[in-house]
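Chemist: If you scroll down you'll find the structure; I have some questions about it.
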Amino acid sequence: MKIATYNVNGINGRLPVLLKWLSETGPDIVCLQELKAPQENFPEQAIKDAGYHALWKGQKSWNGVAILSRSADIRLVHESVSGNEEDENSRYIEALVHDIRVGCLYLPNGNPNPGPKFDYKLDWFEKFIKHAEALLKEKIPAVLAGDYNVIPTELDVYKPENWKTDALFRPESRAAFKQLTDQGWIDSIRHLYPDERIYTYWDYFRKAYDRNAGLRIDHLLLSPDLSGRLKDAGVDRQVRGWEKTSDHAPVWIELADR
């Protein structure tokens, strides 16, 4: 089973890129972030024609998350993080696909900081950590995939000295991410490639992609019971080089059958 996460940065504007990538790579499950489309403007028919069933939570102009599945065996479980049901922003959706719980998230950016946006990021993160802990207690195989807006370590950023004051690299953000992995969640990329410099995002400015001046902020975290099934993981870096593409590239894992 191949599971991917992709911040599309506007699903309707990037739809040709998304459909091309789906056609070329054929992941079984896909988590999408930053739909930037209200609920009624999600391109359901185009996604269906590409061979996928979809659950989504849209929002006009901003945010928005979706889970795509090749299998019709997909059932909505949550549309928000536990304890954060009143949040007006569309940042989380969770589904049961076959026997795996799939959580798709778009964690707040947090800039500028300090300030209310950073406070919101940390508050959202705290609730998400509690939600993730409760998931582990259910002992259901689970994947938490999405744009975490967190650079976990210096290995995950080009020129880390330039990011010391950014919300993505602030000690509080990194500590929150570490809380997740300390719970037992497996950072799939780092599990397989502990020392390799791997990026998932390149800014549109200053020819960042051409210079490989990137960040690793898109993550797939696995519950411990899935770690033994992890066969491979990677980034479809070439997609970032396509015309009219997102500033993120798709990230994926492959899980062995039981």
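Here, A, B, ... name the chains of the structure tokens in the order displayed, residue numbers run from 1 inside each chain, and ligands are numbered from 1 in the same displayed order.
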Show which residues sit within 12 Å of Gly83 (chain A), as an NGL selection string. Count only C-alpha atoms, and ignore same-chain residues fewer than 5 positions away.

Modeler: :A and (78 or 123-132 or 134)

Chemist: Write the selection just made, keeping all heavy atoms, as a compact mmCIF listing (two decimals), in the first residue's frame?

Modeler:
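Done, and the output landed in again14.txt:
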```txt
# COMPACT_ATOMS: atom_id res chain seq x y z
N HIS A 78 -13.33 11.72 11.87
CA HIS A 78 -13.30 13.04 12.52
C HIS A 78 -13.12 14.13 11.46
O HIS A 78 -12.47 13.91 10.44
CB HIS A 78 -12.14 13.14 13.51
CG HIS A 78 -12.25 12.27 14.71
ND1 HIS A 78 -13.21 12.44 15.68
CD2 HIS A 78 -11.50 11.20 15.12
CE1 HIS A 78 -13.06 11.52 16.62
NE2 HIS A 78 -12.04 10.76 16.29
N ASP A 123 -1.16 26.17 20.52
CA ASP A 123 -2.40 25.65 21.09
C ASP A 123 -2.96 24.52 20.24
O ASP A 123 -3.38 23.48 20.77
CB ASP A 123 -3.43 26.78 21.22
CG ASP A 123 -4.74 26.30 21.82
OD1 ASP A 123 -4.76 26.00 23.02
OD2 ASP A 123 -5.74 26.21 21.08
N TRP A 124 -2.96 24.71 18.92
CA TRP A 124 -3.45 23.67 18.00
C TRP A 124 -2.57 22.43 18.13
O TRP A 124 -3.07 21.30 18.18
CB TRP A 124 -3.43 24.21 16.58
CG TRP A 124 -4.33 23.49 15.62
CD1 TRP A 124 -5.56 23.88 15.21
CD2 TRP A 124 -4.04 22.26 14.93
NE1 TRP A 124 -6.07 22.96 14.31
CE2 TRP A 124 -5.16 21.97 14.12
CE3 TRP A 124 -2.96 21.39 14.91
CZ2 TRP A 124 -5.22 20.82 13.29
CZ3 TRP A 124 -3.01 20.25 14.11
CH2 TRP A 124 -4.13 19.98 13.31
N PHE A 125 -1.28 22.65 18.20
CA PHE A 125 -0.32 21.56 18.31
C PHE A 125 -0.55 20.76 19.60
O PHE A 125 -0.52 19.52 19.61
CB PHE A 125 1.11 22.12 18.30
CG PHE A 125 2.09 21.26 17.55
CD1 PHE A 125 3.21 21.85 16.95
CD2 PHE A 125 1.95 19.89 17.44
CE1 PHE A 125 4.14 21.09 16.26
CE2 PHE A 125 2.87 19.12 16.75
CZ PHE A 125 3.96 19.71 16.17
N GLU A 126 -0.78 21.47 20.70
CA GLU A 126 -1.01 20.80 21.98
C GLU A 126 -2.24 19.89 21.92
O GLU A 126 -2.21 18.75 22.39
CB GLU A 126 -1.19 21.85 23.08
CG GLU A 126 -1.40 21.25 24.46
CD GLU A 126 -1.58 22.30 25.54
OE1 GLU A 126 -1.45 23.51 25.23
OE2 GLU A 126 -1.87 21.92 26.69
N LYS A 127 -3.31 20.39 21.30
CA LYS A 127 -4.52 19.58 21.16
C LYS A 127 -4.28 18.39 20.24
O LYS A 127 -4.78 17.28 20.46
CB LYS A 127 -5.67 20.44 20.65
CG LYS A 127 -6.18 21.47 21.65
CD LYS A 127 -7.35 22.25 21.07
CE LYS A 127 -7.99 23.16 22.13
NZ LYS A 127 -7.12 24.25 22.52
N PHE A 128 -3.50 18.61 19.20
CA PHE A 128 -3.18 17.52 18.27
C PHE A 128 -2.36 16.43 18.96
O PHE A 128 -2.57 15.23 18.73
CB PHE A 128 -2.42 18.08 17.06
CG PHE A 128 -2.00 17.03 16.07
CD1 PHE A 128 -2.95 16.31 15.36
CD2 PHE A 128 -0.66 16.75 15.85
CE1 PHE A 128 -2.57 15.32 14.45
CE2 PHE A 128 -0.27 15.79 14.94
CZ PHE A 128 -1.23 15.06 14.24
N ILE A 129 -1.42 16.81 19.80
CA ILE A 129 -0.61 15.85 20.53
C ILE A 129 -1.49 14.97 21.42
O ILE A 129 -1.32 13.75 21.49
CB ILE A 129 0.46 16.58 21.37
CG1 ILE A 129 1.54 17.17 20.43
CG2 ILE A 129 1.11 15.66 22.39
CD1 ILE A 129 2.48 18.15 21.12
N LYS A 130 -2.47 15.58 22.07
CA LYS A 130 -3.40 14.81 22.90
C LYS A 130 -4.26 13.87 22.05
O LYS A 130 -4.52 12.73 22.43
CB LYS A 130 -4.29 15.75 23.71
CG LYS A 130 -3.54 16.53 24.78
CD LYS A 130 -4.45 17.50 25.51
CE LYS A 130 -3.69 18.28 26.57
NZ LYS A 130 -4.54 19.28 27.25
N HIS A 131 -4.68 14.37 20.89
CA HIS A 131 -5.46 13.55 19.96
C HIS A 131 -4.62 12.35 19.49
O HIS A 131 -5.11 11.22 19.43
CB HIS A 131 -5.88 14.40 18.77
CG HIS A 131 -6.75 13.70 17.78
ND1 HIS A 131 -8.13 13.69 17.85
CD2 HIS A 131 -6.44 12.97 16.68
CE1 HIS A 131 -8.63 12.99 16.85
NE2 HIS A 131 -7.62 12.55 16.12
N ALA A 132 -3.37 12.61 19.17
CA ALA A 132 -2.48 11.54 18.70
C ALA A 132 -2.25 10.50 19.79
O ALA A 132 -2.20 9.28 19.53
CB ALA A 132 -1.15 12.14 18.25
N ALA A 134 -4.33 9.72 22.18
CA ALA A 134 -5.56 8.93 22.29
C ALA A 134 -5.65 7.90 21.18
O ALA A 134 -6.13 6.77 21.40
CB ALA A 134 -6.77 9.86 22.27
```

Chemist: So that I can check the surroundings of Ala66 (chain A), please list as a PyMOL selection string every protein, DNA and RNA residue that reaches within 12 Å of it, counting only C-alpha atoms and ignoring chain neighbours fewer than 4 positions away.

Modeler: chain A and resi 4-8+11+29-39+42-44+47+52-59+76+78-79+90-95+102-106+145-146

Chemist: Quick one: everything within 10 Å of Gly228 (chain A), counting only C-alpha atoms, minus sequence neighbours fewer than 5 positions away in the same chain. Send it as a ChimeraX atom specification.

Modeler: /A:255-256,258

Chemist: Can I get the residues of region 166-249 of chain A within 9 Å of region 136-139 of chain A, each with the closest pair of atoms and their distance in Å to one decimal, using only C-alpha atoms, sorted chain first then ascending number, as a tab-separated table?

Modeler:
```
residue	atom	partner	partner_atom	distance
A:Gln183	CA	A:Leu136	CA	8.3
A:Gly184	CA	A:Leu136	CA	8.3
A:Trp185	CA	A:Leu136	CA	8.5
A:Ser223	CA	A:Leu136	CA	6.8
A:Pro224	CA	A:Leu136	CA	8.5
A:Asp225	CA	A:Lys139	CA	8.2
```

Chemist: Run DSSP on the backbone of this structure and report the residues of region 146-225 of chain A it assigns to helix (DSSP H, G or I), as a PyMOL selection string.

Modeler: chain A and resi 154-156+160-163+171-183+188-192+208-211+224-225

Chemist: Have a look at A:Ser188, A:Thr25, A:Ser82, A:Ser246 and name the one nearest to Ala233 (chain A); count only C-alpha atoms.

Modeler: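 Checking each candidate against Ala233 (chain A), we get A:Ser188 as the closest.
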
Chemist: I need the residue nearest Pro27 (chain A) from this list: A:Ser173, A:Ser61, A:Thr200, A:Ser69. Use only C-alpha atoms for the distance.

Modeler: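 The answer is A:Ser69, which sits nearest to Pro27 (chain A).
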
Chemist: By how many Å are CA of Lys2 (chain A) and CA of Ile253 (chain A) apart?

Modeler: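 Separation between CA of Lys2 (chain A) and CA of Ile253 (chain A): 5.7 Å.
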
Chemist: Extract, using only C-alpha atoms, all DNA, RNA and protein residues at most 12 Å from Pro114 (chain A), discarding same-chain residues fewer than 2 positions from it, and format them as a PDB file with N, CA, C and O atoms, in the first residue's frame.

Modeler:
```pdb
ATOM      1  N   GLY A 110       2.177  29.816  12.016  1.00  0.00           N
ATOM      2  CA  GLY A 110       2.641  30.440  13.251  1.00  0.00           C
ATOM      3  C   GLY A 110       3.378  31.740  13.112  1.00  0.00           C
ATOM      4  O   GLY A 110       3.725  32.368  14.116  1.00  0.00           O
ATOM      5  N   ASN A 111       3.658  32.166  11.888  1.00  0.00           N
ATOM      6  CA  ASN A 111       4.332  33.448  11.687  1.00  0.00           C
ATOM      7  C   ASN A 111       3.309  34.559  11.474  1.00  0.00           C
ATOM      8  O   ASN A 111       2.242  34.316  10.939  1.00  0.00           O
ATOM      9  N   PRO A 112       3.645  35.799  11.882  1.00  0.00           N
ATOM     10  CA  PRO A 112       4.873  36.209  12.582  1.00  0.00           C
ATOM     11  C   PRO A 112       4.826  35.813  14.058  1.00  0.00           C
ATOM     12  O   PRO A 112       3.764  35.654  14.638  1.00  0.00           O
ATOM     13  N   PRO A 116      -0.162  36.368  18.246  1.00  0.00           N
ATOM     14  CA  PRO A 116      -1.337  35.497  18.299  1.00  0.00           C
ATOM     15  C   PRO A 116      -1.278  34.315  17.339  1.00  0.00           C
ATOM     16  O   PRO A 116      -1.803  33.248  17.635  1.00  0.00           O
ATOM     17  N   LYS A 117      -0.634  34.476  16.188  1.00  0.00           N
ATOM     18  CA  LYS A 117      -0.560  33.366  15.230  1.00  0.00           C
ATOM     19  C   LYS A 117       0.339  32.240  15.758  1.00  0.00           C
ATOM     20  O   LYS A 117       0.050  31.055  15.541  1.00  0.00           O
ATOM     21  N   PHE A 118       1.398  32.617  16.457  1.00  0.00           N
ATOM     22  CA  PHE A 118       2.265  31.599  17.045  1.00  0.00           C
ATOM     23  C   PHE A 118       1.575  30.925  18.230  1.00  0.00           C
ATOM     24  O   PHE A 118       1.677  29.707  18.423  1.00  0.00           O
ATOM     25  N   ASP A 119       0.847  31.717  19.013  1.00  0.00           N
ATOM     26  CA  ASP A 119       0.084  31.157  20.130  1.00  0.00           C
ATOM     27  C   ASP A 119      -0.945  30.157  19.617  1.00  0.00           C
ATOM     28  O   ASP A 119      -1.144  29.088  20.218  1.00  0.00           O
ATOM     29  N   TYR A 120      -1.610  30.494  18.512  1.00  0.00           N
ATOM     30  CA  TYR A 120      -2.597  29.599  17.900  1.00  0.00           C
ATOM     31  C   TYR A 120      -1.930  28.304  17.432  1.00  0.00           C
ATOM     32  O   TYR A 120      -2.459  27.208  17.629  1.00  0.00           O
ATOM     33  N   LYS A 121      -0.750  28.434  16.835  1.00  0.00           N
ATOM     34  CA  LYS A 121      -0.007  27.243  16.377  1.00  0.00           C
ATOM     35  C   LYS A 121       0.262  26.297  17.538  1.00  0.00           C
ATOM     36  O   LYS A 121      -0.008  25.094  17.457  1.00  0.00           O
ATOM     37  N   LEU A 122       0.791  26.849  18.639  1.00  0.00           N
ATOM     38  CA  LEU A 122       1.150  26.009  19.773  1.00  0.00           C
ATOM     39  C   LEU A 122      -0.076  25.412  20.446  1.00  0.00           C
ATOM     40  O   LEU A 122      -0.049  24.257  20.897  1.00  0.00           O
ATOM     41  N   THR A 165      14.681  32.183  13.967  1.00  0.00           N
ATOM     42  CA  THR A 165      13.565  32.920  14.551  1.00  0.00           C
ATOM     43  C   THR A 165      12.237  32.630  13.868  1.00  0.00           C
ATOM     44  O   THR A 165      11.218  33.209  14.236  1.00  0.00           O
ATOM     45  N   ASP A 166      12.233  31.742  12.885  1.00  0.00           N
ATOM     46  CA  ASP A 166      10.995  31.413  12.187  1.00  0.00           C
ATOM     47  C   ASP A 166      10.160  30.440  13.016  1.00  0.00           C
ATOM     48  O   ASP A 166      10.691  29.547  13.674  1.00  0.00           O
ATOM     49  N   ALA A 167       8.833  30.588  12.961  1.00  0.00           N
ATOM     50  CA  ALA A 167       7.933  29.740  13.745  1.00  0.00           C
ATOM     51  C   ALA A 167       8.093  28.265  13.412  1.00  0.00           C
ATOM     52  O   ALA A 167       7.871  27.397  14.262  1.00  0.00           O
ATOM     53  N   ARG A 170      11.276  27.310  15.485  1.00  0.00           N
ATOM     54  CA  ARG A 170      11.389  27.741  16.876  1.00  0.00           C
ATOM     55  C   ARG A 170      11.493  26.524  17.798  1.00  0.00           C
ATOM     56  O   ARG A 170      10.913  25.466  17.523  1.00  0.00           O
ATOM     57  N   GLU A 172      10.019  25.792  20.469  1.00  0.00           N
ATOM     58  CA  GLU A 172       8.713  25.303  20.917  1.00  0.00           C
ATOM     59  C   GLU A 172       8.074  24.381  19.883  1.00  0.00           C
ATOM     60  O   GLU A 172       7.460  23.361  20.235  1.00  0.00           O
TER      61      GLU A 172
END
```

Chemist: Looking at A:Val239, A:Leu68, A:Ile74, A:Leu155, which one is nearest to Pro194 (chain A), with distances taken over only C-alpha atoms?

Modeler: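 Going through A:Val239, A:Leu68, A:Ile74, A:Leu155 one by one, the smallest distance to Pro194 (chain A) is for A:Leu155.
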
Chemist: Tell me, which residues of region 177-224 of chain A carry DSSP strand (DSSP E), written as a list in words?

Modeler: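 Taking region 177-224 of chain A and keeping strand (DSSP E) only, one gets Ile186, Asp187, Tyr201, Trp202, Gly214, Leu215, Asp218, His219, Leu220, Leu221 and Leu222 of chain A.
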
Chemist: Neighbours of Arg237 (chain A) within 10 Å (only C-alpha atoms; same-chain residues fewer than 4 positions away dropped), as a list in words?

Modeler: Ile198, Tyr199, Thr200, Tyr201, Trp202, Tyr209, Gly241, Trp242, His248, Ala249, Pro250 and Val251 of chain A

Chemist: Please compute the CA of Phe177 (chain A)-CA of Pro108 (chain A) distance, one decimal, in Å.

Modeler: 13.1 Å

Chemist: May I ask for the distance between CA of Arg101 (chain A) and CA of Pro141 (chain A), given in Å to one decimal place?

Modeler: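 According to the coordinates, CA of Arg101 (chain A) and CA of Pro141 (chain A) are separated by 6.2 Å.
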